[in-house]
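S.K.: Next up is a structure, given as structure tokens.
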Amino acid sequence: MSDRRILDQSRLALVPVLLMSVTFAVVASGFSLFLRNQAPMPDMRVLSPKLTAYQARASEFDTVFIGTSRTFYHIVPDDLETAVEAAGCPRPNVFNFGVFGLTGAEQDWLVDRVLEAGEGALRTVVIEDPLSEARTLDKATNERARYFHGPTDYAAISSSISSFPESSLKKIFRYGIFGAGAAYDLSGVGRASALFFPAPKQPEPFSIDLERDGFEILGSFATTDIEARRKDFLDHPERLKAAMARYGASSDESVVARAAYLEERLRRIRSLGLNAVLFVSPDPEELDRTPRVGVEVSRIAPDLPVLNFNRPDVYPDLFEHDLWFDKSHYGEAGARTLSRVAGAELCEQLTPSNGGAQHAIR
Amino acid sequence: MLFVEPRFFLFFGIVFALVWVLRSNLWRKRVLTLASYVFYGAWDWRFLGLIMLITVISYLVGVAANRYPPGSKTRKLALAAGITASLCVLGVFKYFNFFADSFVDFAGLMGFNAGSVTLNLVLPVGISFYTFQAISYMVDTHRGDIGARRSFLDVAFYIAFFPQLVAGPIVRASEFIPQMDTARKWADVSVRACLTLFLIGFIKKACISDNLAQYVDVVFADPSSFAASQVVAGVLLYGIQIYCDFSGYSDMAIACAGLLGYKFPANFDSPYLSPDIQDFWRRWHISLSSWLRDYLYIPLGGNRRGNGRRDVNLMTTMVLGGLWHGASFNFVIWGFLHGIALIVQRGWNNLIARRVPAMGLIGGFIGGAVTFYWVNLAWIFFRASDLGEALAISRTYLTWSSSGDDILPIAVWPILAGLGLVHWLSHRFGAQELIERLGPNRFAVTYGALAAIAIAFVPLGYRPFIYFQF
């Protein structure tokens, strides 16, 4: 066959291939979005039971901490409330809405749910600098990630990726994973199956002990992963010291965009007449990044309260080895210590005379 | 590596491109043989040695067939040794524990303590299929139906060709080997037919079989907790599951081979629409039933030595066919039930059917319903994990009595009726042909839309094909 003929045949074949691809993409996306709207929100570990519990009792809480596992395992509502009261402010009622692995897009969604449910009762929303978006395929395609990779989340994910302090190459890679996650969601795989062929035995919904208003002592519920992290921490005490050495080290990862990103979110909360506070948790693994983010937010928005605890020079007591359960999470003693410090500082930062606060803690 | 996994699509895409870029037939065969070993090795590379061993045995039998004249003692001896050696490999890996356990149990009944002699062996995927293909090569070359290959690569390629390697269809040497002699031409490939067949197979496997499997699993796991109608429905769902699973695999295998330029015989022809059990076996797992007919039933004497001997041959063939599926008495009973049905039907044909007027469509419908019901009764023994479970389910299936509840979360009977209707309509109006006859652009749009909808019906998580265990 001549090269010319092969070329002609290839061109002839190209049109159906393109037609097939476009039809597939259009029908799959449309069908997937239709099915997505029909399906209930998936049951997500920690997030779902906390959301249900908060929505049921939203009128009781005036202060909500929203963040990652460093909110979940670090903020003890009772201790924080007592500390706030001891510092001279009215005792608040705090709900810990920490969810492990919370990313920027997820936090944006969660803030909306909290503002919606807590309207009228809510006075203060404390948000954490959330985690970066997924960088592995399985983290972009698991059930929870899939729920947060819908078209309405694209803008939030994009803002989160573009503002995260890391190199351009890493950002591009993260955008690639985001694309794969979005494509997986739009493919609709599994959606009609789940709707039309429901599992014969539904799994028990996730539950969590909410006696402590959302706080959980790390290690009280043991998993293989948690035990491994604990063992690793105990076996390698030198790693905490090495992590501490990163504090103050120069870094070429600019935090300006991240600070702007967080400011935008804090201002939005404040525009609703609420106190908006940024919480930067102690985290030895992030000593080269989050303290700088907190400082930068304070610089560009001095009127916004920032609880920047990831600073060993300012809070040396929070970095004692015994307080830590693993390399980036407190055990019970650490959580209680931090909560007491955080309560006192929260009271101080939200006192009306201390510029910017609109509502003193009730 | 399953045909429905993304990594298979990547694998196939690479192989497909390589095959059609290469012009030399020899290089294509090399690439396909190597790809087949990669495909098989993806399960467990250690079992590649078994395929190689079976291939060497087959090759040597072929060499003997070339060297010694037909009818010579050495040629016969080589064939017997080759078949025995292949069956020994199959026997050790598949049947050793079954026969050892049975022997120990029997010895126990006789009052002897024979101890335990089971081996901790993993069943290699597809061993029954490639062993039967190898036997087909040895017998066909011995009979002179095809010339034995001088090239070891040809024998290796025939036995290992990946689309049929792990679950058939069992392709006869005389059907496949002549296709190796010339380079396949792209112009001879019916792309639309292959793509349509692949999509149909994919829908059967991933969208129907895999979704129904979860209900079948719970019914068979604890039948007593389900109402009789749901146990019966569970059995019928399994009938649909195994059909869609296996015929879906066969469709995809035939389509993949077709896209690479090779033609496989059809393995299924809407078997549940058969008016009688004889017809069912002409339409179910055609490659196995015809293999058993040609390499077992006919050599046993077939129907040439009177009705009594014919029935014995028939029952022997069906029971061994059952045992081919797995080392368990459940499979033996499954084969036995089919053997009984075939013998009864022959008796019916000889003694009654000739003396009563034909009942036309109504007769076909009644015959089809009875056949379907019987086939599903036999499936209970095929699916149940042990004999006790099979007997309990078959009791409910036959008596429609159970103290359990309606707890399946789906409307099982409407689903069964709907699937049956779709199956009949697609058979009656030739859905496959209707799609593949569309013009290129209409085909592309239809195919893209169907594939997009099908994807949504694929449950998360993969289930291996049922026949991989055989």
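Going through the structure tokens in order, the chains are called A, B, and so on, while each chain numbers its residues from 1 and the ligands are numbered from 1 in the order shown.
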Neighbours of A:Ala28 within 7 Å (only C-alpha atoms; same-chain residues fewer than 4 positions away dropped), as a short mmCIF file (atom, residue, chain, number, x, y, z; two decimals) with C-alpha atoms, in the first residue's frame?

M.R.:
```
data_model
loop_
_atom_site.label_atom_id
_atom_site.label_comp_id
_atom_site.auth_asym_id
_atom_site.auth_seq_id
_atom_site.Cartn_x
_atom_site.Cartn_y
_atom_site.Cartn_z
CA PHE A 24 -18.33 9.53 24.59
CA SER A 32 -22.61 11.25 35.14
CA LEU A 186 -17.14 12.73 34.83
CA SER A 187 -16.75 9.21 33.42
CA GLY A 188 -19.62 8.28 35.73
CA ALA B 452 -20.47 6.14 27.83
CA ILE B 453 -23.72 4.80 29.27
#
```

S.K.: Please return as a ChimeraX atom specification: the residues of stretch 27-244 of chain A that backbone DSSP assigns to strand (DSSP E).

M.R.: /A:63-67,94-98,124-128

S.K.: Within 6 Å of chain A, which residues of chain B are there when counting only C-alpha atoms? Please give them as a ChimeraX atom specification.

M.R.: /B:408-409,441,444-445,448-449,452,455-460

S.K.: Keeping only C-alpha atoms, write the selected residues to a file as a PDB file, in the first residue's frame.

M.R.:
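To be explicit, this is the file written out as part-v1.pdb:
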```
ATOM      1  CA  LEU B 408     -33.095  -8.206  48.435  1.00  0.00           C
ATOM      2  CA  PRO B 409     -33.201  -4.434  47.792  1.00  0.00           C
ATOM      3  CA  ASN B 441     -19.925   8.180  11.434  1.00  0.00           C
ATOM      4  CA  ALA B 444     -18.944   6.136  15.888  1.00  0.00           C
ATOM      5  CA  VAL B 445     -21.658   8.258  17.513  1.00  0.00           C
ATOM      6  CA  GLY B 448     -19.464   6.390  21.825  1.00  0.00           C
ATOM      7  CA  ALA B 449     -22.885   6.929  23.406  1.00  0.00           C
ATOM      8  CA  ALA B 452     -20.468   6.137  27.828  1.00  0.00           C
ATOM      9  CA  ILE B 455     -19.323   2.828  31.875  1.00  0.00           C
ATOM     10  CA  ALA B 456     -21.764   4.217  34.431  1.00  0.00           C
ATOM     11  CA  PHE B 457     -23.145   0.743  35.014  1.00  0.00           C
ATOM     12  CA  VAL B 458     -19.734  -0.736  35.794  1.00  0.00           C
ATOM     13  CA  PRO B 459     -19.552  -1.304  39.553  1.00  0.00           C
ATOM     14  CA  LEU B 460     -16.475  -0.093  41.389  1.00  0.00           C
TER      15      LEU B 460
END
```

S.K.: Got a sec: who's within 8 Å of stretch 233-246 of chain B, counting only C-alpha atoms, leaving out chain neighbours fewer than 2 positions off, as JSON, numbers by chain?

M.R.: {"B": [201, 204, 205, 208, 209, 210, 212, 213, 215, 216, 219, 220, 229, 230, 231, 248, 249, 250, 376, 377, 379, 380, 383, 397, 412, 413, 416, 465, 466, 467]}

S.K.: List the neighbours of stretch 190-198 of chain B out to 8 Å using only C-alpha atoms; skip same-chain residues closer than 5 positions along the sequence, and give me the result as JSON, numbers by chain.

M.R.: {"B": [251, 252, 253, 254, 255, 256, 258, 259, 432, 433, 435, 436, 443, 447]}

S.K.: Write a file of the selected residues as an mmCIF file, in the first residue's frame, keeping N, CA and C atoms.

M.R.:
```cif
data_model
loop_
_atom_site.group_PDB
_atom_site.id
_atom_site.type_symbol
_atom_site.label_atom_id
_atom_site.label_comp_id
_atom_site.auth_asym_id
_atom_site.auth_seq_id
_atom_site.Cartn_x
_atom_site.Cartn_y
_atom_site.Cartn_z
ATOM 1 N N ASP B 251 -16.908 -13.210 24.030
ATOM 2 C CA ASP B 251 -17.117 -12.143 23.034
ATOM 3 C C ASP B 251 -15.890 -11.237 22.963
ATOM 4 N N MET B 252 -15.394 -10.858 24.139
ATOM 5 C CA MET B 252 -14.238 -9.955 24.154
ATOM 6 C C MET B 252 -12.991 -10.645 23.606
ATOM 7 N N ALA B 253 -12.857 -11.950 23.920
ATOM 8 C CA ALA B 253 -11.696 -12.697 23.408
ATOM 9 C C ALA B 253 -11.754 -12.784 21.886
ATOM 10 N N ILE B 254 -12.936 -13.091 21.364
ATOM 11 C CA ILE B 254 -13.090 -13.211 19.906
ATOM 12 C C ILE B 254 -12.836 -11.853 19.245
ATOM 13 N N ALA B 255 -13.337 -10.795 19.909
ATOM 14 C CA ALA B 255 -13.154 -9.452 19.347
ATOM 15 C C ALA B 255 -11.676 -9.045 19.351
ATOM 16 N N CYS B 256 -10.973 -9.336 20.442
ATOM 17 C CA CYS B 256 -9.543 -8.978 20.516
ATOM 18 C C CYS B 256 -8.753 -9.738 19.456
ATOM 19 N N GLY B 258 -9.905 -10.926 16.743
ATOM 20 C CA GLY B 258 -10.316 -10.386 15.445
ATOM 21 C C GLY B 258 -9.583 -9.103 15.116
ATOM 22 N N LEU B 259 -9.414 -8.242 16.102
ATOM 23 C CA LEU B 259 -8.705 -6.981 15.854
ATOM 24 C C LEU B 259 -7.229 -7.222 15.545
ATOM 25 N N GLN B 432 -26.466 -6.867 17.343
ATOM 26 C CA GLN B 432 -25.054 -6.710 16.988
ATOM 27 C C GLN B 432 -24.901 -6.309 15.515
ATOM 28 N N GLU B 433 -25.623 -7.026 14.664
ATOM 29 C CA GLU B 433 -25.527 -6.730 13.234
ATOM 30 C C GLU B 433 -26.075 -5.347 12.921
ATOM 31 N N ILE B 435 -25.965 -2.711 14.708
ATOM 32 C CA ILE B 435 -24.984 -1.667 15.058
ATOM 33 C C ILE B 435 -23.816 -1.675 14.082
ATOM 34 N N GLU B 436 -23.302 -2.875 13.800
ATOM 35 C CA GLU B 436 -22.083 -2.898 12.966
ATOM 36 C C GLU B 436 -22.355 -2.539 11.508
ATOM 37 N N PHE B 443 -21.972 4.917 13.256
ATOM 38 C CA PHE B 443 -21.449 3.875 14.139
ATOM 39 C C PHE B 443 -20.650 4.516 15.268
ATOM 40 N N TYR B 447 -21.676 4.144 19.037
ATOM 41 C CA TYR B 447 -20.734 3.393 19.865
ATOM 42 C C TYR B 447 -20.270 4.236 21.053
#
```

S.K.: One decimal, in Å: what's the spacing between atom CA of B:Gln164 and atom CA of B:Ser328?

M.R.: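 Separation of atom CA of B:Gln164 and atom CA of B:Ser328: 24.6 Å.
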
S.K.: So which residues touch stretch 99-115 of chain A within 7 Å, counting only C-alpha atoms, skipping near sequence neighbours fewer than 5 positions away, as a list in words?

M.R.: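 With the cut-off at 7 Å, the set is Val46, Leu47, Gly67, Thr68, Ser69, Phe72, Pro130, Leu131, Ser132, Glu133, Phe148, Asp153, Ala156, Ile157 and Ser160 of chain A.
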
S.K.: Run DSSP on the backbone and tell me which residues of stretch 47-218 of chain A come out as alpha helix (DSSP H); list them as a PDB file with C-alpha atoms, in the first residue's frame.

M.R.:
```pdb
ATOM      1  CA  LEU A  47     -16.782  14.140  57.977  1.00  0.00           C
ATOM      2  CA  SER A  48     -20.285  12.679  57.634  1.00  0.00           C
ATOM      3  CA  PRO A  49     -20.990  11.899  61.293  1.00  0.00           C
ATOM      4  CA  LYS A  50     -19.566  15.254  62.357  1.00  0.00           C
ATOM      5  CA  LEU A  51     -21.652  17.114  59.815  1.00  0.00           C
ATOM      6  CA  THR A  52     -24.804  15.271  60.875  1.00  0.00           C
ATOM      7  CA  ALA A  53     -24.064  15.942  64.539  1.00  0.00           C
ATOM      8  CA  TYR A  54     -23.289  19.610  63.943  1.00  0.00           C
ATOM      9  CA  GLN A  55     -26.364  20.187  61.803  1.00  0.00           C
ATOM     10  CA  ALA A  56     -28.517  18.611  64.492  1.00  0.00           C
ATOM     11  CA  ARG A  57     -27.078  20.801  67.271  1.00  0.00           C
ATOM     12  CA  SER A  69      -6.402  16.346  61.642  1.00  0.00           C
ATOM     13  CA  ARG A  70      -4.459  19.022  63.482  1.00  0.00           C
ATOM     14  CA  THR A  71      -7.767  20.535  64.456  1.00  0.00           C
ATOM     15  CA  PHE A  72      -9.443  17.167  64.991  1.00  0.00           C
ATOM     16  CA  PRO A  77     -13.450  22.187  73.170  1.00  0.00           C
ATOM     17  CA  ASP A  78     -13.911  21.945  76.960  1.00  0.00           C
ATOM     18  CA  ASP A  79     -10.332  22.975  77.724  1.00  0.00           C
ATOM     19  CA  LEU A  80     -10.441  25.779  75.208  1.00  0.00           C
ATOM     20  CA  GLU A  81     -13.758  27.068  76.552  1.00  0.00           C
ATOM     21  CA  THR A  82     -12.406  27.058  80.121  1.00  0.00           C
ATOM     22  CA  ALA A  83      -9.268  28.884  79.016  1.00  0.00           C
ATOM     23  CA  VAL A  84     -11.293  31.521  77.194  1.00  0.00           C
ATOM     24  CA  GLU A  85     -13.380  32.055  80.321  1.00  0.00           C
ATOM     25  CA  ALA A  86     -10.309  32.151  82.534  1.00  0.00           C
ATOM     26  CA  GLY A 104      -8.740  23.506  50.371  1.00  0.00           C
ATOM     27  CA  ALA A 105     -11.747  22.640  48.233  1.00  0.00           C
ATOM     28  CA  GLU A 106     -13.180  20.458  50.979  1.00  0.00           C
ATOM     29  CA  GLN A 107     -12.681  23.198  53.561  1.00  0.00           C
ATOM     30  CA  ASP A 108     -14.489  25.723  51.351  1.00  0.00           C
ATOM     31  CA  TRP A 109     -17.408  23.318  51.070  1.00  0.00           C
ATOM     32  CA  LEU A 110     -17.406  22.636  54.780  1.00  0.00           C
ATOM     33  CA  VAL A 111     -17.339  26.334  55.695  1.00  0.00           C
ATOM     34  CA  ASP A 112     -20.436  26.831  53.538  1.00  0.00           C
ATOM     35  CA  ARG A 113     -22.240  23.973  55.318  1.00  0.00           C
ATOM     36  CA  VAL A 114     -21.306  25.350  58.726  1.00  0.00           C
ATOM     37  CA  LEU A 115     -22.367  28.901  57.846  1.00  0.00           C
ATOM     38  CA  GLU A 116     -25.635  27.533  56.514  1.00  0.00           C
ATOM     39  CA  ALA A 117     -26.440  25.389  59.536  1.00  0.00           C
ATOM     40  CA  LEU A 137      -4.197   9.111  41.700  1.00  0.00           C
ATOM     41  CA  ASP A 138      -5.838   7.091  44.462  1.00  0.00           C
ATOM     42  CA  LYS A 139      -6.267  10.223  46.572  1.00  0.00           C
ATOM     43  CA  ALA A 140      -8.008  11.931  43.657  1.00  0.00           C
ATOM     44  CA  THR A 141     -10.287   9.010  42.867  1.00  0.00           C
ATOM     45  CA  GLU A 143     -15.032   8.072  47.189  1.00  0.00           C
ATOM     46  CA  ARG A 144     -14.542  11.244  49.196  1.00  0.00           C
ATOM     47  CA  ALA A 145     -12.208  12.825  46.648  1.00  0.00           C
ATOM     48  CA  ARG A 146     -14.661  11.974  43.894  1.00  0.00           C
ATOM     49  CA  TYR A 147     -17.434  13.776  45.708  1.00  0.00           C
ATOM     50  CA  TYR A 154     -13.142  23.058  40.037  1.00  0.00           C
ATOM     51  CA  ALA A 155     -12.620  26.729  40.954  1.00  0.00           C
ATOM     52  CA  ALA A 156     -11.905  25.925  44.596  1.00  0.00           C
ATOM     53  CA  ILE A 157      -9.421  23.175  43.689  1.00  0.00           C
ATOM     54  CA  SER A 158      -7.718  25.410  41.174  1.00  0.00           C
ATOM     55  CA  SER A 159      -7.354  28.243  43.717  1.00  0.00           C
ATOM     56  CA  SER A 160      -6.044  25.814  46.288  1.00  0.00           C
ATOM     57  CA  ILE A 161      -3.436  24.369  43.913  1.00  0.00           C
ATOM     58  CA  SER A 162      -2.317  27.701  42.494  1.00  0.00           C
ATOM     59  CA  SER A 163      -1.880  29.283  45.931  1.00  0.00           C
ATOM     60  CA  SER A 168       5.628  25.328  39.411  1.00  0.00           C
ATOM     61  CA  LEU A 169       6.509  21.784  38.382  1.00  0.00           C
ATOM     62  CA  LYS A 170       4.776  20.371  41.440  1.00  0.00           C
ATOM     63  CA  LYS A 171       1.773  22.576  40.734  1.00  0.00           C
ATOM     64  CA  ILE A 172       1.581  21.289  37.168  1.00  0.00           C
ATOM     65  CA  PHE A 173       1.731  17.725  38.428  1.00  0.00           C
ATOM     66  CA  ARG A 174      -1.022  18.463  40.930  1.00  0.00           C
ATOM     67  CA  TYR A 175      -3.148  19.988  38.152  1.00  0.00           C
ATOM     68  CA  GLY A 176      -2.619  16.760  36.200  1.00  0.00           C
ATOM     69  CA  ILE A 177      -3.875  14.690  39.110  1.00  0.00           C
ATOM     70  CA  PHE A 178      -6.786  17.095  39.490  1.00  0.00           C
ATOM     71  CA  GLY A 179      -7.585  16.559  35.781  1.00  0.00           C
ATOM     72  CA  ALA A 180      -7.475  12.802  36.242  1.00  0.00           C
ATOM     73  CA  GLY A 181      -9.756  13.035  39.280  1.00  0.00           C
ATOM     74  CA  ALA A 182     -12.199  15.247  37.423  1.00  0.00           C
ATOM     75  CA  ALA A 183     -12.167  12.927  34.394  1.00  0.00           C
ATOM     76  CA  TYR A 184     -12.761   9.938  36.643  1.00  0.00           C
ATOM     77  CA  ASP A 185     -15.722  11.694  38.203  1.00  0.00           C
ATOM     78  CA  LEU A 186     -17.135  12.732  34.834  1.00  0.00           C
ATOM     79  CA  SER A 187     -16.753   9.215  33.419  1.00  0.00           C
ATOM     80  CA  ARG A 191     -22.780   5.707  39.433  1.00  0.00           C
ATOM     81  CA  ALA A 192     -25.629   3.954  37.601  1.00  0.00           C
ATOM     82  CA  SER A 193     -24.518   0.669  39.102  1.00  0.00           C
ATOM     83  CA  ALA A 194     -24.808   2.063  42.637  1.00  0.00           C
ATOM     84  CA  LEU A 195     -28.193   3.610  41.896  1.00  0.00           C
ATOM     85  CA  PHE A 196     -29.870   0.736  40.064  1.00  0.00           C
TER      86      PHE A 196
END
```

S.K.: Could you please determine the separation between atom CA of A:Arg289 and atom CA of A:Phe233 in Å, to one decimal place?

M.R.: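 The value is 21.2 Å.
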
S.K.: Using only C-alpha atoms, pick whichever of A:Asp129, A:Glu286, A:Glu253, A:Glu227 has the shortest atom-to-atom distance to A:Asn310.

M.R.: A:Glu286

S.K.: Identify, on the basis of only C-alpha atoms, every residue whose closest approach to B:Arg75 does not exceed 10 Å; exclude the query and any residue fewer than 6 positions from it along the same chain; express the result as a list in words.

M.R.: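 Residues near the query, excluding close chain neighbours: Val61, Gly62, Val63, Ala64, Ala65, Asn66, Arg67, Tyr68, Pro69, Ala81 and His142 of chain B.
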
S.K.: Just to confirm, what's the straight-line distance from atom CA of B:Ser402 to atom CA of B:Ala384 in Å (one decimal)?

M.R.: 17.4 Å
